[in-house]
Amino acid sequence: MTTQPHRPTPPAVDPDFTPADLGRRFGALLIDWVLCLLAAGLFATPARDAWAPVVVLIVEYAIFLGLFAQTPGMYLTRIRCVDWTDGGRIGVLRALLRGVLLALVVPALLMDQHRRGLHDRLTNSVITPTPR
């Protein structure tokens with residue numbers, strides 16, 4: 001008899017769900033922003049071309065969140081971005097939309113009781129601590 005691997009309870013139905021704290025989220029964003037500034041410096045001058053790091057951040061979110069559920073900053077701060085209803089990856093298209101909305105800043109500031117910004121609610125995602 002084989003045993004099925006244990007899937008964690010999806011955040012939307014987990015009565016004990018605790019979202020990632022704001023300090024870790026901000027730390028991850030700060031790390032990702034520094035990486036985006038460095039990457040943008042390879043093809044633009046970020047101080048003059050302010051759009052370049054923003055575009056890199058949006059692309060980084062699309063690729064890393066869509067495929068791995070974590071950006072490099074999220075990996076280092078031990079958080080991840082998952083689907084609100086099933087706890088799985090959100091996919092590249094939803095991650096791209098989330099990155100665009102995050103770049104607008106305001107949606108991220110409008111949080112609910114689960115620390116889901118408007119960008120999370122519109123993409124049906126949530127930031128959770130990484131399981132140990």
# chains A, B, ... in the order shown; residues from 1 in each chain; ligands from 1
$ select_by_dssp --residues "range 28-107 of chain A" --states "alpha helix (DSSP H)" --output "JSON, numbers by chain"
{"A": [28, 29, 30, 31, 32, 33, 34, 35, 36, 37, 38, 39, 40, 51, 52, 53, 54, 55, 56, 57, 58, 59, 60, 66, 67, 68, 72, 73, 74, 75, 76, 77, 92, 93, 94, 95, 96, 97, 98, 99, 100, 101, 102, 103, 106, 107]}
$ select_by_dssp --residues "chain A" --states "strand (DSSP E or B)" --output "list in words"
Ile79, Arg80, Cys81, Val82, Asp83, Ser125, Val126, Ile127, Thr128 and Pro129 of chain A
$ residues_around --residues "Gly87 in chain A" --least-positions-apart "5" --cutoff "12 Å" --atoms "only C-alpha atoms" --output "PyMOL selection string"
chain A and resi 7-14+17+69+80-82+124-131
$ write_last_selection --atoms "C-alpha atoms" --output "JSON list (two decimals), in the first residue's frame"
[["chain", "number", "residue", "atom", "x", "y", "z"],
["A", 7, "ARG", "CA", -0.90, 18.32, 0.80],
["A", 8, "PRO", "CA", -1.21, 21.30, 3.09],
["A", 9, "THR", "CA", -4.66, 22.77, 3.61],
["A", 10, "PRO", "CA", -5.30, 25.60, 1.11],
["A", 11, "PRO", "CA", -5.08, 29.03, 2.78],
["A", 12, "ALA", "CA", -8.68, 29.95, 1.90],
["A", 13, "VAL", "CA", -10.11, 27.09, 3.98],
["A", 14, "ASP", "CA", -7.43, 26.77, 6.68],
["A", 17, "PHE", "CA", -3.88, 30.25, 8.31],
["A", 69, "ALA", "CA", 6.21, 30.41, -6.27],
["A", 80, "ARG", "CA", 6.23, 32.26, -1.05],
["A", 81, "CYS", "CA", 3.29, 33.33, -3.18],
["A", 82, "VAL", "CA", 0.62, 30.67, -3.69],
["A", 124, "ASN", "CA", -6.29, 35.05, -6.24],
["A", 125, "SER", "CA", -2.93, 34.70, -4.49],
["A", 126, "VAL", "CA", -1.51, 35.07, -0.99],
["A", 127, "ILE", "CA", 1.96, 35.37, 0.56],
["A", 128, "THR", "CA", 2.62, 32.60, 3.08],
["A", 129, "PRO", "CA", 5.60, 31.55, 5.17],
["A", 130, "THR", "CA", 7.59, 28.76, 3.51],
["A", 131, "PRO", "CA", 6.83, 25.42, 5.20]]
$ closest_residue --among "A:Ala62, A:Val54, A:Ala40, A:Ala20" --to "Val92 in chain A" --atoms "only C-alpha atoms"
A:Ala62
$ closest_residue --among "A:Ala95, A:Ile79, A:Ala108, A:Val100" --to "Gly27 in chain A" --atoms "only C-alpha atoms"
A:Ile79
$ atom_distance --atom1 "CA of Ala103 in chain A" --atom2 "CA of Val56 in chain A"
10.6 Å
$ closest_residue --among "A:Tyr75, A:Phe26, A:Phe43, A:Phe64" --to "Gly99 in chain A" --atoms "only C-alpha atoms"
A:Phe64
$ atom_distance --atom1 "CA of Leu93 in chain A" --atom2 "CA of Asp120 in chain A"
13.4 Å
$ atom_distance --atom1 "CA of Leu118 in chain A" --atom2 "CA of Ala47 in chain A"
28.7 Å
$ closest_residue --among "A:Asp21, A:Asp112, A:Asp83, A:Glu60" --to "Leu37 in chain A" --atoms "only C-alpha atoms"
A:Glu60
